[in-house]
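Peer 1: What follows is a single structure, and I will ask about it in a moment.
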Amino acid sequence: MRAGLTQMIGKLGLVPAILAASLFTASADEWRTSSSLGAESKYGNDFKQYDYVNPNAPKGGTLNSVVTGTYDSFNPYIVAGAPAAGFADFGGGLLYETLMEQSLDEPSVSHAMIAEAFKYPDDFSSATYRLNPKARWHDGTPITVEDVIWSFNTLKANNPRYNRYYANVTEAVAVGDHEVEFRFDQKGNRELPKIMGDLVVLPKHWWEGTDKNGKKRDITRPTLEAPLGSGAYKVESFKPGSEIVWVRVPDHWSADLGVNVGRNNFDRRRYTYITDDNAAWQAFTKGGYEDIRRENSSRRWMTEYNFPAVKAGDVLKKEFPSTATTFMQGFALNLRRPQFQDRRVREALTLAFDFESMNRTLFFGQNTRTSSFFVGSELASSGLPKGKELEILEAYRDQLPPELFTQEFKLPVYDNPQAERQYLRQAVGLFAEAGWKISNGKMVNDKGEQFKIEFLGSGATDELISSSFINTLRKIGIDASLRVIDTSQYINRINNFDFDAATTILNQSNSPGNEQRDFWSSKAADTPGTRNLMGIKSPVVDSLVDRIIYATDRDDLVAATHALDRVLLWNYYVIPQWHRPKQWYAYWNKFGMPEKQPAYTGADTDSWWIDPEKEKALAAKYRGTD
């Protein structure tokens, strides 16, 4: 037996051995309860609980949260409508469960959930998942293979993200009472057997049934009928557009699974909708509306946590370091707009972005410039391409900017008073090469049309992020502006790519794969609701995405990802902003929590619990606090 594998176990001696293993190293065609695309899970095959949780955490109380905007649907798996808090457009949210659950304290690891185990053949041409016979819907009916097959077909047909994620999955077929086989149209995709575990399972009998008025339900349309689920929570009550309350299911079938032990400790989760970010902040300071606030504003974290409850010790601040790959946050430039189709224009706009001054004057020096789409991991490109990465890129040399091979990619650094003049002069030169010139103080083309860029936003944060950049762009004759709209309009316009530029957050994992199609592929560029907001249509990018998906081993994956990262950076599709390698949380002092939190994700607030004595004391002190 290979070193590092824990001992094999059987179930009543009637089924094959069950393993926890890495798909890059494990032998195939064996049942596994956990899977990994990197190192093997530290929990082995006998995963009973996360090592940071309190398995005896008390249950009870209400977790209050606020959400900005509104909602009009309990169906998150279609482009139409704004889903209510607690629902997720990818994954199960609070209501549903997936075949397997992604780990919170290890990168690219999943553990058993609805499926108790899975296996795949040597050529990675399929994956078979065996369902846990205990898995139940909230109405007590078993979760079946038929539910899994129906969910797969329905999600691929109606959800752009699942369609791209499972593009190489041709069909789902029942191969036993509790087993479903997913068949692939290509071999060698080592990630695909594992990520089939991310499939959310929906109740076919409910969605194909009728509502209380006898009307047939339609999963292709928004609905405000609370759906049947399988997760730890279900909808208890709601006020359309303004509030939704979830209640913990007391006899939840998977409460004793390793992924749930010591977690899901709140009896209720109440989400109150607030008009904007400022109103949400005021609600937090008053108490009773939001109990835990993840703070993203450096200015607020450094200067505004001085209200009475903080001074009294009733609101606490805590930093949680995270080792996870961080996200790329930046201005997505919509290449569907003609003014952004020239790479030189996009480079010029990037040169005009003064991060250092913003970090100093607005963010108290707390942020770090983001210089990779895979920042914080070995997947981030650096220096000049070499080795296997260079070998990969050589095949596309004539389709790539020549400087990609000769210069290290670097973003402008505004570190002295002369920097702005230097970089804006370079930006104007690039605009001139692309056919734009400054005339009478305006950046115009040969038709006399001024270059315009409208940043789309939905709140005060967008104003803070955009205002300084807009002022800089106006210095070189660009008609730059910001349009702030309500959340529902914003979501609709983003989903339909109706914007010039908008801040986007592109989350990555330590094991990129099929989801890269949703980020970058030519097909995704024309599909509303995908994450290719930029509208990238590049044969090189498409080819590199496939190279990542079909990587033969970890070294091959890293080299291919370096190549993709470098091509994305040198094409200036996104103007990078910033990140922080830690998470900031402020919370009302009503919680107990494990001393240890997951180092990978930083914090798992679902492992916290409510201390009834602390909650009672706060309620007596602050009117309106539950």
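By order in the structure tokens, chains are A, B, ...; within a chain, residues start at 1; ligands start at 1, following the order shown.
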Determine, using only C-alpha atoms, which residues of segment 603-624 of chain A have any atom at most 12 Å from an atom of segment 237-261 of chain A, and tabulate each with its shortest atom pair and distance in Å to one decimal place, rows ordered by chain and then rising number, as a tab-separated table.
Peer 2:
residue	atom	partner	partner_atom	distance
A:Asp604	CA	A:Asn260	CA	11.8
A:Asp606	CA	A:Asn260	CA	9.3
A:Ser607	CA	A:Val261	CA	8.9
A:Trp608	CA	A:Val261	CA	11.9
Peer 1: Report as a PyMOL selection string: the residues of segment 99-258 of chain A with a DSSP assignment of alpha helix (DSSP H), based on the backbone of this structure.
Peer 2: chain A and resi 145-158+160-165+192-195+204-207
Peer 1: May I ask which of the residues A:Tyr622, A:Trp570, A:Tyr273, A:Tyr165 is the closest one to Asn64 of chain A, counting only C-alpha atoms?
Peer 2: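 Of all the options, A:Tyr273 lies closest to Asn64 of chain A.
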Peer 1: May I ask which of the residues A:Asn495, A:Lys42, A:Thr141, A:Ser125 is the closest one to Ile78 of chain A, counting only C-alpha atoms?
Peer 2: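 Of A:Asn495, A:Lys42, A:Thr141, A:Ser125, the one nearest Ile78 of chain A is A:Asn495, counting only C-alpha atoms.
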Peer 1: Env of Asn440 of chain A: 12 Å cut, atoms = only C-alpha atoms, seq-sep filter 4 positions within chain, self excluded. Answer as a list in words.
Peer 2: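 In the requested format, the answer is Val444, Gly448, Gln450, Ile476, Gly477 and Ile478 of chain A.
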Peer 1: Please save N, CA and C atoms of the selected residues as a PDB file, in the first residue's frame.
Peer 2:
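Dumped to part19.pdb:
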ATOM      1  N   VAL A 444      -9.784  61.992 -28.312  1.00  0.00           N
ATOM      2  CA  VAL A 444     -10.734  61.742 -29.395  1.00  0.00           C
ATOM      3  C   VAL A 444     -10.102  60.839 -30.456  1.00  0.00           C
ATOM      4  N   GLY A 448     -13.490  62.454 -34.220  1.00  0.00           N
ATOM      5  CA  GLY A 448     -13.765  63.509 -33.243  1.00  0.00           C
ATOM      6  C   GLY A 448     -14.580  63.025 -32.058  1.00  0.00           C
ATOM      7  N   GLN A 450     -15.166  61.469 -28.446  1.00  0.00           N
ATOM      8  CA  GLN A 450     -14.382  61.396 -27.220  1.00  0.00           C
ATOM      9  C   GLN A 450     -14.427  59.975 -26.636  1.00  0.00           C
ATOM     10  N   ILE A 476      -6.422  63.097 -18.711  1.00  0.00           N
ATOM     11  CA  ILE A 476      -5.915  62.831 -20.071  1.00  0.00           C
ATOM     12  C   ILE A 476      -7.067  62.861 -21.084  1.00  0.00           C
ATOM     13  N   GLY A 477      -8.123  63.593 -20.747  1.00  0.00           N
ATOM     14  CA  GLY A 477      -9.177  63.868 -21.715  1.00  0.00           C
ATOM     15  C   GLY A 477     -10.233  62.791 -21.878  1.00  0.00           C
ATOM     16  N   ILE A 478     -10.272  61.832 -20.992  1.00  0.00           N
ATOM     17  CA  ILE A 478     -11.264  60.761 -21.080  1.00  0.00           C
ATOM     18  C   ILE A 478     -12.549  61.182 -20.376  1.00  0.00           C
TER      19      ILE A 478
END
Peer 1: Looking at A:Ser322, A:Asn507, A:Lys286, A:Glu454, which one is nearest to Pro308 of chain A, with distances taken over only C-alpha atoms?
Peer 2: A:Lys286
Peer 1: Report the closest atom pair, with its distance in Å rounded to one decimal, for each residue of segment 44-154 of chain A that has an atom no farther than 9 Å from segment 219-223 of chain A; count only C-alpha atoms, sort by chain and then rising residue number, and write it as JSON lines.
Peer 2:
{"residue": "A:Asp72", "atom": "CA", "partner": "A:Pro222", "partner_atom": "CA", "distance": 7.5}
{"residue": "A:Ser73", "atom": "CA", "partner": "A:Thr223", "partner_atom": "CA", "distance": 5.0}
{"residue": "A:Phe74", "atom": "CA", "partner": "A:Thr223", "partner_atom": "CA", "distance": 5.5}
{"residue": "A:Asn75", "atom": "CA", "partner": "A:Pro222", "partner_atom": "CA", "distance": 5.5}
{"residue": "A:Pro76", "atom": "CA", "partner": "A:Pro222", "partner_atom": "CA", "distance": 8.1}
{"residue": "A:Tyr77", "atom": "CA", "partner": "A:Ile219", "partner_atom": "CA", "distance": 8.3}
{"residue": "A:Ile78", "atom": "CA", "partner": "A:Thr220", "partner_atom": "CA", "distance": 6.5}
{"residue": "A:Ala80", "atom": "CA", "partner": "A:Pro222", "partner_atom": "CA", "distance": 6.7}
{"residue": "A:Gly81", "atom": "CA", "partner": "A:Pro222", "partner_atom": "CA", "distance": 5.9}
{"residue": "A:Ala82", "atom": "CA", "partner": "A:Pro222", "partner_atom": "CA", "distance": 8.5}
{"residue": "A:Pro83", "atom": "CA", "partner": "A:Pro222", "partner_atom": "CA", "distance": 8.5}
{"residue": "A:Thr154", "atom": "CA", "partner": "A:Ile219", "partner_atom": "CA", "distance": 8.3}
Peer 1: How many Å separate atom CA of Pro581 of chain A from atom CA of Glu106 of chain A?
Peer 2: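 That distance, rounded to one decimal, is 16.5 Å.
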Peer 1: What's around Ala480 of chain A at 6 Å? Count only C-alpha atoms, leave out sequence neighbours fewer than 3 positions away in its own chain, and write the answer as a ChimeraX atom specification.
Peer 2: /A:452-454,470
Peer 1: May I have the residues from that selection written out with all heavy atoms, as a PDB file, in the first residue's frame?
Peer 2:
ATOM      1  N   LYS A 452     -14.955  57.372 -23.999  1.00  0.00           N
ATOM      2  CA  LYS A 452     -15.828  57.350 -22.832  1.00  0.00           C
ATOM      3  C   LYS A 452     -15.701  56.027 -22.095  1.00  0.00           C
ATOM      4  O   LYS A 452     -15.529  54.971 -22.697  1.00  0.00           O
ATOM      5  CB  LYS A 452     -17.293  57.557 -23.237  1.00  0.00           C
ATOM      6  CG  LYS A 452     -17.596  58.920 -23.825  1.00  0.00           C
ATOM      7  CD  LYS A 452     -19.088  59.064 -24.137  1.00  0.00           C
ATOM      8  CE  LYS A 452     -19.394  60.441 -24.702  1.00  0.00           C
ATOM      9  NZ  LYS A 452     -20.851  60.610 -24.990  1.00  0.00           N
ATOM     10  N   ILE A 453     -15.774  56.106 -20.789  1.00  0.00           N
ATOM     11  CA  ILE A 453     -15.824  54.914 -19.961  1.00  0.00           C
ATOM     12  C   ILE A 453     -16.730  55.196 -18.767  1.00  0.00           C
ATOM     13  O   ILE A 453     -16.526  56.160 -18.027  1.00  0.00           O
ATOM     14  CB  ILE A 453     -14.419  54.466 -19.500  1.00  0.00           C
ATOM     15  CG1 ILE A 453     -14.506  53.226 -18.616  1.00  0.00           C
ATOM     16  CG2 ILE A 453     -13.670  55.584 -18.805  1.00  0.00           C
ATOM     17  CD1 ILE A 453     -13.153  52.596 -18.313  1.00  0.00           C
ATOM     18  N   GLU A 454     -17.771  54.370 -18.620  1.00  0.00           N
ATOM     19  CA  GLU A 454     -18.690  54.499 -17.499  1.00  0.00           C
ATOM     20  C   GLU A 454     -18.507  53.300 -16.578  1.00  0.00           C
ATOM     21  O   GLU A 454     -18.663  52.151 -16.987  1.00  0.00           O
ATOM     22  CB  GLU A 454     -20.142  54.554 -17.984  1.00  0.00           C
ATOM     23  CG  GLU A 454     -21.149  54.679 -16.848  1.00  0.00           C
ATOM     24  CD  GLU A 454     -22.583  54.597 -17.343  1.00  0.00           C
ATOM     25  OE1 GLU A 454     -23.080  53.465 -17.563  1.00  0.00           O
ATOM     26  OE2 GLU A 454     -23.203  55.666 -17.504  1.00  0.00           O
ATOM     27  N   ILE A 470     -11.345  57.826 -11.750  1.00  0.00           N
ATOM     28  CA  ILE A 470     -12.086  58.672 -12.692  1.00  0.00           C
ATOM     29  C   ILE A 470     -11.416  60.039 -12.814  1.00  0.00           C
ATOM     30  O   ILE A 470     -11.242  60.571 -13.920  1.00  0.00           O
ATOM     31  CB  ILE A 470     -13.547  58.801 -12.239  1.00  0.00           C
ATOM     32  CG1 ILE A 470     -14.292  57.483 -12.489  1.00  0.00           C
ATOM     33  CG2 ILE A 470     -14.255  59.955 -12.960  1.00  0.00           C
ATOM     34  CD1 ILE A 470     -15.691  57.439 -11.894  1.00  0.00           C
TER      35      ILE A 470
END
Peer 1: How close does segment 542-595 of chain A get to segment 327-330 of chain A? List, as a tab-separated table, each residue of segment 542-595 of chain A within 12 Å, its nearest atom pair and the distance in Å to one decimal, counting only C-alpha atoms.
Peer 2:
residue	atom	partner	partner_atom	distance
A:Asp565	CA	A:Met328	CA	11.2
A:Leu568	CA	A:Met328	CA	11.7
A:Leu569	CA	A:Met328	CA	11.3
A:Tyr572	CA	A:Gly330	CA	10.8
A:Tyr573	CA	A:Gly330	CA	9.7
A:Val574	CA	A:Gly330	CA	5.9
A:Ile575	CA	A:Gly330	CA	5.2
A:Pro576	CA	A:Gly330	CA	4.3
A:Gln577	CA	A:Gly330	CA	4.7
A:Trp578	CA	A:Gln329	CA	6.3
A:His579	CA	A:Gln329	CA	7.2
A:Arg580	CA	A:Phe327	CA	9.5
A:Pro581	CA	A:Phe327	CA	10.1
Peer 1: Store the residues picked out above, limited to N, CA, C and O atoms, as a compact mmCIF listing (two decimals), in the first residue's frame.
Peer 2:
# COMPACT_ATOMS: atom_id res chain seq x y z
N ASP A 565 -2.13 32.52 -16.74
CA ASP A 565 -2.03 33.74 -15.94
C ASP A 565 -1.26 34.81 -16.70
O ASP A 565 -1.68 35.98 -16.79
N LEU A 568 -3.29 36.23 -19.67
CA LEU A 568 -4.35 37.12 -19.19
C LEU A 568 -3.79 38.47 -18.76
O LEU A 568 -4.35 39.53 -19.07
N LEU A 569 -2.69 38.44 -18.04
CA LEU A 569 -2.08 39.69 -17.56
C LEU A 569 -1.61 40.56 -18.72
O LEU A 569 -1.89 41.77 -18.76
N TYR A 572 -4.26 42.53 -20.54
CA TYR A 572 -4.89 43.64 -19.82
C TYR A 572 -6.42 43.58 -19.89
O TYR A 572 -7.07 44.60 -20.10
N TYR A 573 -6.98 42.40 -19.69
CA TYR A 573 -8.44 42.27 -19.69
C TYR A 573 -9.06 42.88 -18.44
O TYR A 573 -10.21 43.30 -18.44
N VAL A 574 -8.29 42.88 -17.36
CA VAL A 574 -8.75 43.39 -16.06
C VAL A 574 -7.69 44.35 -15.52
O VAL A 574 -6.49 44.10 -15.66
N ILE A 575 -8.13 45.45 -14.93
CA ILE A 575 -7.21 46.36 -14.25
C ILE A 575 -7.16 45.91 -12.80
O ILE A 575 -8.12 46.11 -12.04
N PRO A 576 -6.08 45.26 -12.37
CA PRO A 576 -6.03 44.70 -11.01
C PRO A 576 -6.14 45.78 -9.93
O PRO A 576 -5.60 46.89 -10.08
N GLN A 577 -6.83 45.43 -8.86
CA GLN A 577 -6.94 46.33 -7.72
C GLN A 577 -6.07 45.82 -6.57
O GLN A 577 -4.87 45.98 -6.62
N TRP A 578 -6.65 45.18 -5.55
CA TRP A 578 -5.87 44.86 -4.35
C TRP A 578 -6.49 43.68 -3.61
O TRP A 578 -7.58 43.21 -3.91
N HIS A 579 -5.74 43.21 -2.60
CA HIS A 579 -6.22 42.13 -1.75
C HIS A 579 -5.57 42.26 -0.38
O HIS A 579 -4.65 43.05 -0.17
N ARG A 580 -6.06 41.44 0.57
CA ARG A 580 -5.47 41.33 1.90
C ARG A 580 -5.35 39.85 2.27
O ARG A 580 -6.30 39.09 2.08
N PRO A 581 -4.23 39.42 2.82
CA PRO A 581 -4.06 38.01 3.19
C PRO A 581 -4.65 37.67 4.56
O PRO A 581 -4.16 36.79 5.26
Peer 1: Can you tell me how far atom CA of Gly69 of chain A sits from atom CA of Tyr587 of chain A, in Å to one decimal?
Peer 2: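 Value for the atom CA of Gly69 of chain A-atom CA of Tyr587 of chain A distance: 22.0 Å.
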Peer 1: Segment 347-356 of chain A: which residues within 8 Å, counting only C-alpha atoms, same-chain residues fewer than 5 positions away excluded, as a list in words?
Peer 2: Arg369, Leu411, Pro412, Val413, Tyr414, Asp415, Glu420, Tyr423, Leu424, Gln426, Ala427, Val428, Leu430, Phe431, Phe469, Thr472, Leu473, Asn571, Tyr572, Ile575, Pro576 and Gln577 of chain A
Peer 1: If you run DSSP over the backbone, which residues in segment 463-567 of chain A end up strand (DSSP E or B)? Put them as a count of residues only.
Peer 2: 12
Peer 1: Determine the nearest neighbour of Ala560 of chain A from the options A:Asp398, A:Asp139, A:Asp546, A:Asp105, counting only C-alpha atoms.
Peer 2: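 The shortest atom-to-atom distance to Ala560 of chain A comes from A:Asp546.
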Peer 1: As a VMD selection string, please: the residues near Trp584 of chain A (cut-off 6 Å, only C-alpha atoms, same-chain neighbours under 6 positions excluded).
Peer 2: chain A and resid 294 to 295 319
Peer 1: Just the number, please: distance in Å from atom CA of Ala586 of chain A to atom CA of Tyr271 of chain A, one decimal.
Peer 2: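 Result for atom CA of Ala586 of chain A versus atom CA of Tyr271 of chain A: 17.3 Å, one decimal.
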Peer 1: I need the residue nearest Ser103 of chain A from this list: A:Lys523, A:Val375, A:Asp291, A:Gly197. Use only C-alpha atoms for the distance.
Peer 2: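 Among A:Lys523, A:Val375, A:Asp291, A:Gly197, it is A:Gly197 that comes nearest to Ser103 of chain A.
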